[in-house]
Amino acid sequence: MKRIATATFFCLSSAFVLADPPMADVIHRPVKPSAQASTETIGFSVSHMDRNVDPRQDFYAYANGNWLKRLKIPDAESDIGGFSMLGANLDGQLQQLAVQASQGQAPKGSPAQQVGDYYRAALDMRQRDAVGLQPIQADLDSAARASGQADLARLSVRLQVSTGNSPLFNLVTVPDLKDSSRTQLSLQFGGLQLPQDQYRDPASQKIRDVYVDYITRMHQQLGDAPDVAAAKARAILAMEAELAAKRLAPLQLYEPALIYNLLSVDEAQALIPAFDLRAMAAAAGLTLPARLQVYDIGAAKATQQLLSSRPAQDVQTLLRWWVLALNADLLGQPWLQLSQDYQRQRDGLATSLPLERQAVQALTMQLYHPMSQLYVQQYYTEAMRREITQMVGHIKDEFASRLKTNPWLDAPTRAAALAKLAQVDIQVGYPQRWIDFSSVDIRADDHLGNNQRLAAFRLQRDLDKVGKPAVRERFADAGHTTPTSVNAAYDPQLNGIDITAAISQAPFYTPGADPVVNYCTMGAVVGHELTHGFDNFGGKFDAQGNVRDWWTPLATAEFKKRNDLLVAQYSQFQLLPGLKVDGALTLGENTADLGGITMAHAALHRALKGKPQPKVDGLSTDQRCFVAWSQLWIYKAREELIRARAAIDYHANSVVRGYAPLMNLDAFHKAFGTRPGDAMWRKPADRVRIW
């Protein structure tokens, strides 16, 4: 929740990052991700099925029932499923690389040196404990003294440089929404410590109470008396709630018109007179361009209201808290332990992840390309890349074939859609050019300093793009598209798809395995991302990645009709008593799931050239395909996470994803012989086909 949105990616998975606990100063203990990761067969297996369940009544239980009986959420995690089990195994691979790098003598600035020394510093709790608050004391002092427009502006830049995220405003370079060939300097709001809805949702009162207790305990450690600390905590929660109330809701962020607010510097400054934009630019070493994109007008106004209406002491208390909160997981004791205690209580966890895994996950976010270079060299083969690239071609051809025969598209929209599809640039595995991190000074005894220098490096690289033609770097969105991300993603402004090296493993892909399984897992992933170019958001961008309406009114009306049906379908699925899927929020991902499995199934039969295939383990080709799809979405989660994601995640719950799209496929109903009255039955007139 602390990441600033610098670009819009539509991903296969969602990710809630869990921080990790203090542990002993060791670096050679192997990662033990979870019991399931080490003992379960991840991916398609008939042993996962429960054939005592009627697939016409509960297909998800039929496909996954035995697996679900064995699957247990690890004490230190909020959920478990295909993504997390693969992620756990991946962390083990990455730790081996990090340990090996930490024991070598690689040249300064090389990927091995940077990875190895970052890992050593992250695990050096003695050093982290010894320095205490000293690494952030200057920022704490600046926050406690900040008063006036220029002070606040300079502090914002200071925090963006040191943490990557100022709590007030951030300067970010993005491709222009209406001209993707040029860059646009964007003024974006800072991150909050809770998801937006949890500041007001009655069901989240327990989380708010836990958060207030956490703030109170942290302030007591800073030296405040208990009553003073508690009063500050209540004030901080109230101020954060004020900011959250006026921000764009997750669904509104799908509307380019709401985020593409190009204002002159004077117009932007008039929105926030309590904050000096020119002083901010000067502190960042920038000359402001003639126009700024103000990402969220409501957020800007809310920040102005807070800064102008609250006493300076309240604002200073809030800023000082944010400095501590943004850095707590990088500090020693007691700060790290208090942060871990809070996160466990918030997420309903019995324990926390080991420090070794924290270091590994931090490496994939901070040194994302150096870490990825080591990973690709060790674990990713060119044969895998070729096989997946070939499958990509088959899926793309299938999409083109379906566009040509799509019954609801008129001729002008069909031609535009085919032109856009032809220009979708799909890259597999890793980038053609790695980002050079060699200038960053990574030390074996300075964990927080390493993170500060990396944040400064990323910000400077970003601001260096201001006023220059847009250059879109591939596999470079940390946590989403880097080669060590278990994911695939479509970028509408690039009109391109990145399929990462890390996802090229079971349960998504197994080299040389049954093509039925590979097509209906990895092939469906490719189809999912392709469909994003033509969903309710991606469809607003043309072939060059610019926001432009290339649809005729007739095609728009037909598209909306089908979207509305899909929204209604998903809005009926219950996650917990009284909690249903938000069909509108998840529309784009649900459209992509439907398109992905539809195209994968069709491309599979094209690859098999219509030749009848023998049954395997008693399952026909289509039955194996749909079971493989459902097993891709094996999932269990704690109630806290289910509720949190339901409010803000563009993806439906994975359990729903494991069967809901299939109910719209004629081939699924034929494969399992569903009939009226069956729970899985959907009458033909109600089955949605979009792409």
# chains A, B, ... in the order shown; residues from 1 in each chain; ligands from 1
$ closest_atom_pairs --of "range 72-131 of chain A" --to "range 52-68 of chain A" --cutoff "12 Å" --atoms "only C-alpha atoms" --output "tab-separated table"
residue	atom	partner	partner_atom	distance
A:Lys72	CA	A:Leu68	CA	8.1
A:Ile73	CA	A:Leu68	CA	10.5
A:Ile80	CA	A:Leu68	CA	10.4
A:Gly81	CA	A:Leu68	CA	9.8
A:Gly82	CA	A:Trp67	CA	11.4
$ write_last_selection --atoms "C-alpha atoms" --output "PDB file, in the first residue's frame"
ATOM      1  CA  LYS A  72      -2.792 -25.213   5.284  1.00  0.00           C
ATOM      2  CA  ILE A  73      -2.066 -21.502   5.455  1.00  0.00           C
ATOM      3  CA  ILE A  80      -1.690 -19.743   0.250  1.00  0.00           C
ATOM      4  CA  GLY A  81      -2.170 -20.699  -3.378  1.00  0.00           C
ATOM      5  CA  GLY A  82      -0.393 -21.302  -6.647  1.00  0.00           C
TER       6      GLY A  82
END
$ select_by_dssp --residues "range 363-465 of chain A" --states "helix (DSSP H, G or I)" --output "PyMOL selection string"
chain A and resi 363-366+368-379+382-405+411-422+447-463
$ closest_residue --among "A:Leu463, A:Ala245, A:Ala279, A:Ile499" --to "Arg385 in chain A" --atoms "only C-alpha atoms"
A:Ile499
$ residues_around --residues "range 318-328 of chain A" --least-positions-apart "6" --cutoff "8 Å" --atoms "only C-alpha atoms" --output "count of residues only"
16
$ residues_around --residues "Val471 in chain A" --least-positions-apart "2" --cutoff "12 Å" --atoms "only C-alpha atoms" --output "PyMOL selection string"
chain A and resi 173-176+180-184+461-462+464-469+473-474+476+493-494
$ residues_around --residues "Met663 in chain A" --least-positions-apart "2" --cutoff "7 Å" --atoms "only C-alpha atoms" --output "PyMOL selection string"
chain A and resi 659-661+665+668+680-682
$ atom_distance --atom1 "CA of Gln343 in chain A" --atom2 "CA of Ile642 in chain A"
15.8 Å
$ closest_residue --among "A:Asp445, A:Asp491, A:Glu255, A:Glu240" --to "Gln198 in chain A" --atoms "only C-alpha atoms"
A:Glu240
$ residues_around --residues "Arg386 in chain A" --least-positions-apart "6" --cutoff "10 Å" --atoms "only C-alpha atoms" --output "VMD selection string"
chain A and resid 392 428 to 429
$ residues_around --residues "range 257-270 of chain A" --least-positions-apart "2" --cutoff "12 Å" --atoms "only C-alpha atoms" --output "PDB file with N, CA, C and O atoms, in the first residue's frame"
ATOM      1  N   ALA A   5       1.717   4.913  -7.627  1.00  0.00           N
ATOM      2  CA  ALA A   5       1.359   4.428  -8.960  1.00  0.00           C
ATOM      3  C   ALA A   5       2.009   5.319 -10.005  1.00  0.00           C
ATOM      4  O   ALA A   5       1.600   6.444 -10.230  1.00  0.00           O
ATOM      5  N   THR A   6       3.051   4.834 -10.653  1.00  0.00           N
ATOM      6  CA  THR A   6       3.724   5.608 -11.681  1.00  0.00           C
ATOM      7  C   THR A   6       3.312   5.184 -13.077  1.00  0.00           C
ATOM      8  O   THR A   6       3.568   5.874 -14.034  1.00  0.00           O
ATOM      9  N   ALA A   7       2.699   4.036 -13.186  1.00  0.00           N
ATOM     10  CA  ALA A   7       2.207   3.561 -14.470  1.00  0.00           C
ATOM     11  C   ALA A   7       1.104   2.574 -14.191  1.00  0.00           C
ATOM     12  O   ALA A   7       1.018   2.012 -13.118  1.00  0.00           O
ATOM     13  N   THR A   8       0.254   2.379 -15.176  1.00  0.00           N
ATOM     14  CA  THR A   8      -0.856   1.455 -14.986  1.00  0.00           C
ATOM     15  C   THR A   8      -0.535   0.140 -15.655  1.00  0.00           C
ATOM     16  O   THR A   8      -0.353   0.080 -16.862  1.00  0.00           O
ATOM     17  N   GLN A 149       5.142  26.844   3.723  1.00  0.00           N
ATOM     18  CA  GLN A 149       5.050  26.183   2.417  1.00  0.00           C
ATOM     19  C   GLN A 149       6.381  25.610   1.941  1.00  0.00           C
ATOM     20  O   GLN A 149       6.446  24.488   1.440  1.00  0.00           O
ATOM     21  N   ALA A 153       7.569  21.619   1.401  1.00  0.00           N
ATOM     22  CA  ALA A 153       7.990  21.185   0.064  1.00  0.00           C
ATOM     23  C   ALA A 153       9.359  20.517   0.113  1.00  0.00           C
ATOM     24  O   ALA A 153       9.578  19.458  -0.491  1.00  0.00           O
ATOM     25  N   VAL A 174       5.784  10.232 -15.961  1.00  0.00           N
ATOM     26  CA  VAL A 174       4.952   9.195 -16.571  1.00  0.00           C
ATOM     27  C   VAL A 174       4.792   9.494 -18.060  1.00  0.00           C
ATOM     28  O   VAL A 174       4.906  10.644 -18.483  1.00  0.00           O
ATOM     29  N   PRO A 175       4.504   8.484 -18.876  1.00  0.00           N
ATOM     30  CA  PRO A 175       4.154   8.763 -20.269  1.00  0.00           C
ATOM     31  C   PRO A 175       2.843   9.544 -20.318  1.00  0.00           C
ATOM     32  O   PRO A 175       1.927   9.289 -19.536  1.00  0.00           O
ATOM     33  N   ASP A 176       2.774  10.492 -21.219  1.00  0.00           N
ATOM     34  CA  ASP A 176       1.554  11.279 -21.366  1.00  0.00           C
ATOM     35  C   ASP A 176       0.422  10.364 -21.831  1.00  0.00           C
ATOM     36  O   ASP A 176       0.585   9.578 -22.765  1.00  0.00           O
ATOM     37  N   LEU A 177      -0.720  10.460 -21.161  1.00  0.00           N
ATOM     38  CA  LEU A 177      -1.833   9.569 -21.495  1.00  0.00           C
ATOM     39  C   LEU A 177      -2.331   9.742 -22.925  1.00  0.00           C
ATOM     40  O   LEU A 177      -2.833   8.796 -23.533  1.00  0.00           O
ATOM     41  N   LYS A 178      -2.200  10.952 -23.460  1.00  0.00           N
ATOM     42  CA  LYS A 178      -2.716  11.204 -24.809  1.00  0.00           C
ATOM     43  C   LYS A 178      -1.622  11.279 -25.867  1.00  0.00           C
ATOM     44  O   LYS A 178      -1.917  11.435 -27.048  1.00  0.00           O
ATOM     45  N   ASP A 179      -0.384  11.166 -25.442  1.00  0.00           N
ATOM     46  CA  ASP A 179       0.737  11.113 -26.378  1.00  0.00           C
ATOM     47  C   ASP A 179       1.853  10.327 -25.715  1.00  0.00           C
ATOM     48  O   ASP A 179       2.737  10.884 -25.057  1.00  0.00           O
ATOM     49  N   GLN A 184       5.537  13.185 -19.092  1.00  0.00           N
ATOM     50  CA  GLN A 184       4.756  14.196 -18.390  1.00  0.00           C
ATOM     51  C   GLN A 184       5.142  14.155 -16.919  1.00  0.00           C
ATOM     52  O   GLN A 184       5.159  13.079 -16.307  1.00  0.00           O
ATOM     53  N   LEU A 185       5.468  15.288 -16.341  1.00  0.00           N
ATOM     54  CA  LEU A 185       5.750  15.353 -14.910  1.00  0.00           C
ATOM     55  C   LEU A 185       4.418  15.364 -14.168  1.00  0.00           C
ATOM     56  O   LEU A 185       3.550  16.199 -14.428  1.00  0.00           O
ATOM     57  N   SER A 186       4.279  14.420 -13.260  1.00  0.00           N
ATOM     58  CA  SER A 186       3.012  14.237 -12.549  1.00  0.00           C
ATOM     59  C   SER A 186       3.207  14.520 -11.067  1.00  0.00           C
ATOM     60  O   SER A 186       4.208  14.127 -10.472  1.00  0.00           O
ATOM     61  N   LEU A 187       2.240  15.217 -10.484  1.00  0.00           N
ATOM     62  CA  LEU A 187       2.207  15.455  -9.049  1.00  0.00           C
ATOM     63  C   LEU A 187       1.255  14.433  -8.444  1.00  0.00           C
ATOM     64  O   LEU A 187       0.055  14.459  -8.726  1.00  0.00           O
ATOM     65  N   GLN A 188       1.801  13.512  -7.655  1.00  0.00           N
ATOM     66  CA  GLN A 188       1.003  12.418  -7.122  1.00  0.00           C
ATOM     67  C   GLN A 188       0.976  12.464  -5.607  1.00  0.00           C
ATOM     68  O   GLN A 188       1.910  12.925  -4.964  1.00  0.00           O
ATOM     69  N   PHE A 189      -0.131  11.993  -5.062  1.00  0.00           N
ATOM     70  CA  PHE A 189      -0.309  12.030  -3.611  1.00  0.00           C
ATOM     71  C   PHE A 189       0.534  10.965  -2.927  1.00  0.00           C
ATOM     72  O   PHE A 189       0.931   9.977  -3.530  1.00  0.00           O
ATOM     73  N   ARG A 247      -9.938  11.002  -1.562  1.00  0.00           N
ATOM     74  CA  ARG A 247      -9.172  10.437  -2.674  1.00  0.00           C
ATOM     75  C   ARG A 247     -10.068   9.674  -3.642  1.00  0.00           C
ATOM     76  O   ARG A 247     -11.154   9.229  -3.292  1.00  0.00           O
ATOM     77  N   LEU A 248      -9.572   9.525  -4.856  1.00  0.00           N
ATOM     78  CA  LEU A 248     -10.287   8.711  -5.822  1.00  0.00           C
ATOM     79  C   LEU A 248     -10.387   7.279  -5.320  1.00  0.00           C
ATOM     80  O   LEU A 248      -9.418   6.723  -4.802  1.00  0.00           O
ATOM     81  N   ALA A 249     -11.553   6.688  -5.489  1.00  0.00           N
ATOM     82  CA  ALA A 249     -11.744   5.291  -5.124  1.00  0.00           C
ATOM     83  C   ALA A 249     -11.048   4.405  -6.155  1.00  0.00           C
ATOM     84  O   ALA A 249     -10.774   4.844  -7.285  1.00  0.00           O
ATOM     85  N   PRO A 250     -10.748   3.149  -5.800  1.00  0.00           N
ATOM     86  CA  PRO A 250     -10.039   2.282  -6.755  1.00  0.00           C
ATOM     87  C   PRO A 250     -10.697   2.213  -8.130  1.00  0.00           C
ATOM     88  O   PRO A 250     -10.002   2.243  -9.149  1.00  0.00           O
ATOM     89  N   LEU A 251     -12.018   2.147  -8.181  1.00  0.00           N
ATOM     90  CA  LEU A 251     -12.691   2.050  -9.472  1.00  0.00           C
ATOM     91  C   LEU A 251     -12.533   3.335 -10.277  1.00  0.00           C
ATOM     92  O   LEU A 251     -12.457   3.306 -11.511  1.00  0.00           O
ATOM     93  N   GLN A 252     -12.458   4.482  -9.594  1.00  0.00           N
ATOM     94  CA  GLN A 252     -12.308   5.757 -10.300  1.00  0.00           C
ATOM     95  C   GLN A 252     -10.952   5.885 -10.970  1.00  0.00           C
ATOM     96  O   GLN A 252     -10.801   6.632 -11.949  1.00  0.00           O
ATOM     97  N   LEU A 253      -9.961   5.161 -10.464  1.00  0.00           N
ATOM     98  CA  LEU A 253      -8.635   5.223 -11.069  1.00  0.00           C
ATOM     99  C   LEU A 253      -8.603   4.587 -12.454  1.00  0.00           C
ATOM    100  O   LEU A 253      -7.612   4.711 -13.183  1.00  0.00           O
ATOM    101  N   TYR A 254      -9.681   3.915 -12.831  1.00  0.00           N
ATOM    102  CA  TYR A 254      -9.816   3.364 -14.173  1.00  0.00           C
ATOM    103  C   TYR A 254     -10.238   4.431 -15.182  1.00  0.00           C
ATOM    104  O   TYR A 254     -10.298   4.153 -16.381  1.00  0.00           O
ATOM    105  N   GLU A 255     -10.564   5.636 -14.725  1.00  0.00           N
ATOM    106  CA  GLU A 255     -11.086   6.676 -15.604  1.00  0.00           C
ATOM    107  C   GLU A 255      -9.993   7.674 -15.946  1.00  0.00           C
ATOM    108  O   GLU A 255      -9.624   8.503 -15.118  1.00  0.00           O
ATOM    109  N   ILE A 272      -3.032  24.146  -3.972  1.00  0.00           N
ATOM    110  CA  ILE A 272      -2.347  23.817  -2.713  1.00  0.00           C
ATOM    111  C   ILE A 272      -1.470  24.987  -2.265  1.00  0.00           C
ATOM    112  O   ILE A 272      -0.239  24.861  -2.207  1.00  0.00           O
ATOM    113  N   PRO A 273      -2.070  26.125  -1.928  1.00  0.00           N
ATOM    114  CA  PRO A 273      -1.261  27.286  -1.526  1.00  0.00           C
ATOM    115  C   PRO A 273      -0.432  27.057  -0.275  1.00  0.00           C
ATOM    116  O   PRO A 273       0.551  27.773  -0.046  1.00  0.00           O
ATOM    117  N   ALA A 274      -0.773  26.055   0.526  1.00  0.00           N
ATOM    118  CA  ALA A 274       0.005  25.778   1.737  1.00  0.00           C
ATOM    119  C   ALA A 274       1.277  24.986   1.451  1.00  0.00           C
ATOM    120  O   ALA A 274       2.036  24.683   2.377  1.00  0.00           O
ATOM    121  N   PHE A 275       1.524  24.686   0.179  1.00  0.00           N
ATOM    122  CA  PHE A 275       2.663  23.850  -0.213  1.00  0.00           C
ATOM    123  C   PHE A 275       3.315  24.512  -1.420  1.00  0.00           C
ATOM    124  O   PHE A 275       2.650  24.780  -2.422  1.00  0.00           O
ATOM    125  N   ASP A 276       4.607  24.767  -1.373  1.00  0.00           N
ATOM    126  CA  ASP A 276       5.305  25.535  -2.405  1.00  0.00           C
ATOM    127  C   ASP A 276       5.866  24.600  -3.479  1.00  0.00           C
ATOM    128  O   ASP A 276       6.903  23.948  -3.283  1.00  0.00           O
ATOM    129  N   LEU A 277       5.193  24.559  -4.627  1.00  0.00           N
ATOM    130  CA  LEU A 277       5.615  23.662  -5.701  1.00  0.00           C
ATOM    131  C   LEU A 277       6.974  24.057  -6.274  1.00  0.00           C
ATOM    132  O   LEU A 277       7.784  23.195  -6.626  1.00  0.00           O
ATOM    133  N   ARG A 278       7.217  25.337  -6.391  1.00  0.00           N
ATOM    134  CA  ARG A 278       8.499  25.767  -6.964  1.00  0.00           C
ATOM    135  C   ARG A 278       9.648  25.442  -6.025  1.00  0.00           C
ATOM    136  O   ARG A 278      10.747  25.069  -6.473  1.00  0.00           O
ATOM    137  N   ALA A 279       9.409  25.569  -4.727  1.00  0.00           N
ATOM    138  CA  ALA A 279      10.444  25.172  -3.766  1.00  0.00           C
ATOM    139  C   ALA A 279      10.682  23.667  -3.831  1.00  0.00           C
ATOM    140  O   ALA A 279      11.819  23.193  -3.673  1.00  0.00           O
ATOM    141  N   MET A 280       9.619  22.907  -4.067  1.00  0.00           N
ATOM    142  CA  MET A 280       9.757  21.455  -4.212  1.00  0.00           C
ATOM    143  C   MET A 280      10.628  21.126  -5.425  1.00  0.00           C
ATOM    144  O   MET A 280      11.543  20.291  -5.350  1.00  0.00           O
ATOM    145  N   ALA A 281      10.336  21.779  -6.547  1.00  0.00           N
ATOM    146  CA  ALA A 281      11.118  21.536  -7.759  1.00  0.00           C
ATOM    147  C   ALA A 281      12.577  21.928  -7.555  1.00  0.00           C
ATOM    148  O   ALA A 281      13.491  21.203  -7.977  1.00  0.00           O
ATOM    149  N   THR A 287      13.519  22.234 -13.057  1.00  0.00           N
ATOM    150  CA  THR A 287      12.751  23.384 -13.512  1.00  0.00           C
ATOM    151  C   THR A 287      11.388  22.855 -13.922  1.00  0.00           C
ATOM    152  O   THR A 287      11.298  21.966 -14.776  1.00  0.00           O
ATOM    153  N   LEU A 288      10.347  23.369 -13.318  1.00  0.00           N
ATOM    154  CA  LEU A 288       9.022  22.839 -13.606  1.00  0.00           C
ATOM    155  C   LEU A 288       8.635  23.099 -15.061  1.00  0.00           C
ATOM    156  O   LEU A 288       8.859  24.200 -15.578  1.00  0.00           O
ATOM    157  N   PRO A 289       8.056  22.130 -15.733  1.00  0.00           N
ATOM    158  CA  PRO A 289       7.554  22.360 -17.092  1.00  0.00           C
ATOM    159  C   PRO A 289       6.329  23.269 -17.053  1.00  0.00           C
ATOM    160  O   PRO A 289       5.806  23.586 -15.980  1.00  0.00           O
ATOM    161  N   ALA A 290       5.875  23.665 -18.218  1.00  0.00           N
ATOM    162  CA  ALA A 290       4.738  24.588 -18.284  1.00  0.00           C
ATOM    163  C   ALA A 290       3.488  23.992 -17.658  1.00  0.00           C
ATOM    164  O   ALA A 290       2.674  24.713 -17.068  1.00  0.00           O
ATOM    165  N   ARG A 291       3.339  22.662 -17.768  1.00  0.00           N
ATOM    166  CA  ARG A 291       2.132  22.024 -17.259  1.00  0.00           C
ATOM    167  C   ARG A 291       2.498  20.785 -16.442  1.00  0.00           C
ATOM    168  O   ARG A 291       3.452  20.069 -16.756  1.00  0.00           O
ATOM    169  N   LEU A 292       1.695  20.554 -15.411  1.00  0.00           N
ATOM    170  CA  LEU A 292       1.828  19.376 -14.558  1.00  0.00           C
ATOM    171  C   LEU A 292       0.559  18.540 -14.658  1.00  0.00           C
ATOM    172  O   LEU A 292      -0.541  19.083 -14.806  1.00  0.00           O
ATOM    173  N   GLN A 293       0.727  17.217 -14.555  1.00  0.00           N
ATOM    174  CA  GLN A 293      -0.440  16.360 -14.399  1.00  0.00           C
ATOM    175  C   GLN A 293      -0.687  16.184 -12.906  1.00  0.00           C
ATOM    176  O   GLN A 293       0.137  15.607 -12.203  1.00  0.00           O
ATOM    177  N   VAL A 294      -1.804  16.707 -12.432  1.00  0.00           N
ATOM    178  CA  VAL A 294      -2.181  16.513 -11.032  1.00  0.00           C
ATOM    179  C   VAL A 294      -3.036  15.254 -10.985  1.00  0.00           C
ATOM    180  O   VAL A 294      -4.169  15.234 -11.462  1.00  0.00           O
ATOM    181  N   TYR A 295      -2.470  14.205 -10.418  1.00  0.00           N
ATOM    182  CA  TYR A 295      -3.041  12.864 -10.535  1.00  0.00           C
ATOM    183  C   TYR A 295      -4.426  12.755  -9.907  1.00  0.00           C
ATOM    184  O   TYR A 295      -5.296  12.072 -10.425  1.00  0.00           O
ATOM    185  N   ASP A 296      -4.642  13.444  -8.803  1.00  0.00           N
ATOM    186  CA  ASP A 296      -5.905  13.313  -8.075  1.00  0.00           C
ATOM    187  C   ASP A 296      -6.244  14.677  -7.480  1.00  0.00           C
ATOM    188  O   ASP A 296      -5.671  15.079  -6.463  1.00  0.00           O
ATOM    189  N   ILE A 297      -7.159  15.381  -8.110  1.00  0.00           N
ATOM    190  CA  ILE A 297      -7.528  16.726  -7.657  1.00  0.00           C
ATOM    191  C   ILE A 297      -8.088  16.678  -6.235  1.00  0.00           C
ATOM    192  O   ILE A 297      -7.772  17.521  -5.392  1.00  0.00           O
ATOM    193  N   GLY A 298      -8.917  15.685  -5.949  1.00  0.00           N
ATOM    194  CA  GLY A 298      -9.500  15.560  -4.616  1.00  0.00           C
ATOM    195  C   GLY A 298      -8.449  15.351  -3.545  1.00  0.00           C
ATOM    196  O   GLY A 298      -8.532  15.926  -2.455  1.00  0.00           O
ATOM    197  N   ALA A 299      -7.430  14.539  -3.850  1.00  0.00           N
ATOM    198  CA  ALA A 299      -6.353  14.314  -2.894  1.00  0.00           C
ATOM    199  C   ALA A 299      -5.566  15.594  -2.650  1.00  0.00           C
ATOM    200  O   ALA A 299      -5.163  15.890  -1.517  1.00  0.00           O
ATOM    201  N   ALA A 300      -5.338  16.375  -3.718  1.00  0.00           N
ATOM    202  CA  ALA A 300      -4.628  17.640  -3.558  1.00  0.00           C
ATOM    203  C   ALA A 300      -5.416  18.590  -2.665  1.00  0.00           C
ATOM    204  O   ALA A 300      -4.851  19.225  -1.758  1.00  0.00           O
ATOM    205  N   LYS A 301      -6.723  18.678  -2.898  1.00  0.00           N
ATOM    206  CA  LYS A 301      -7.555  19.570  -2.087  1.00  0.00           C
ATOM    207  C   LYS A 301      -7.602  19.100  -0.630  1.00  0.00           C
ATOM    208  O   LYS A 301      -7.598  19.930   0.294  1.00  0.00           O
ATOM    209  N   GLN A 304      -4.398  20.103   1.034  1.00  0.00           N
ATOM    210  CA  GLN A 304      -4.437  21.534   1.309  1.00  0.00           C
ATOM    211  C   GLN A 304      -5.317  21.842   2.522  1.00  0.00           C
ATOM    212  O   GLN A 304      -4.927  22.633   3.398  1.00  0.00           O
ATOM    213  N   PHE A 537     -10.836  -0.870 -19.518  1.00  0.00           N
ATOM    214  CA  PHE A 537      -9.836   0.190 -19.386  1.00  0.00           C
ATOM    215  C   PHE A 537      -8.851   0.154 -20.543  1.00  0.00           C
ATOM    216  O   PHE A 537      -8.647   1.167 -21.219  1.00  0.00           O
ATOM    217  N   LYS A 540      -9.569   1.710 -23.900  1.00  0.00           N
ATOM    218  CA  LYS A 540      -9.604   3.168 -24.078  1.00  0.00           C
ATOM    219  C   LYS A 540      -8.317   3.689 -24.709  1.00  0.00           C
ATOM    220  O   LYS A 540      -8.215   4.879 -25.017  1.00  0.00           O
ATOM    221  N   VAL A 547      -4.671   7.477 -25.077  1.00  0.00           N
ATOM    222  CA  VAL A 547      -6.104   7.471 -24.789  1.00  0.00           C
ATOM    223  C   VAL A 547      -6.827   8.081 -25.989  1.00  0.00           C
ATOM    224  O   VAL A 547      -6.634   9.257 -26.316  1.00  0.00           O
ATOM    225  N   ARG A 548      -7.630   7.262 -26.648  1.00  0.00           N
ATOM    226  CA  ARG A 548      -8.375   7.708 -27.826  1.00  0.00           C
ATOM    227  C   ARG A 548      -9.556   6.776 -28.040  1.00  0.00           C
ATOM    228  O   ARG A 548      -9.418   5.559 -27.920  1.00  0.00           O
TER     229      ARG A 548
END
$ closest_residue --among "A:Leu307, A:Leu641, A:Leu632, A:Ala602" --to "Leu576 in chain A" --atoms "only C-alpha atoms"
A:Leu641
$ select_by_dssp --residues "range 120-368 of chain A" --states "strand (DSSP E or B)" --output "ChimeraX atom specification"
/A:169-176,179-189,262-264,291-294
$ atom_distance --atom1 "CA of Ala455 in chain A" --atom2 "CA of Arg357 in chain A"
20.9 Å
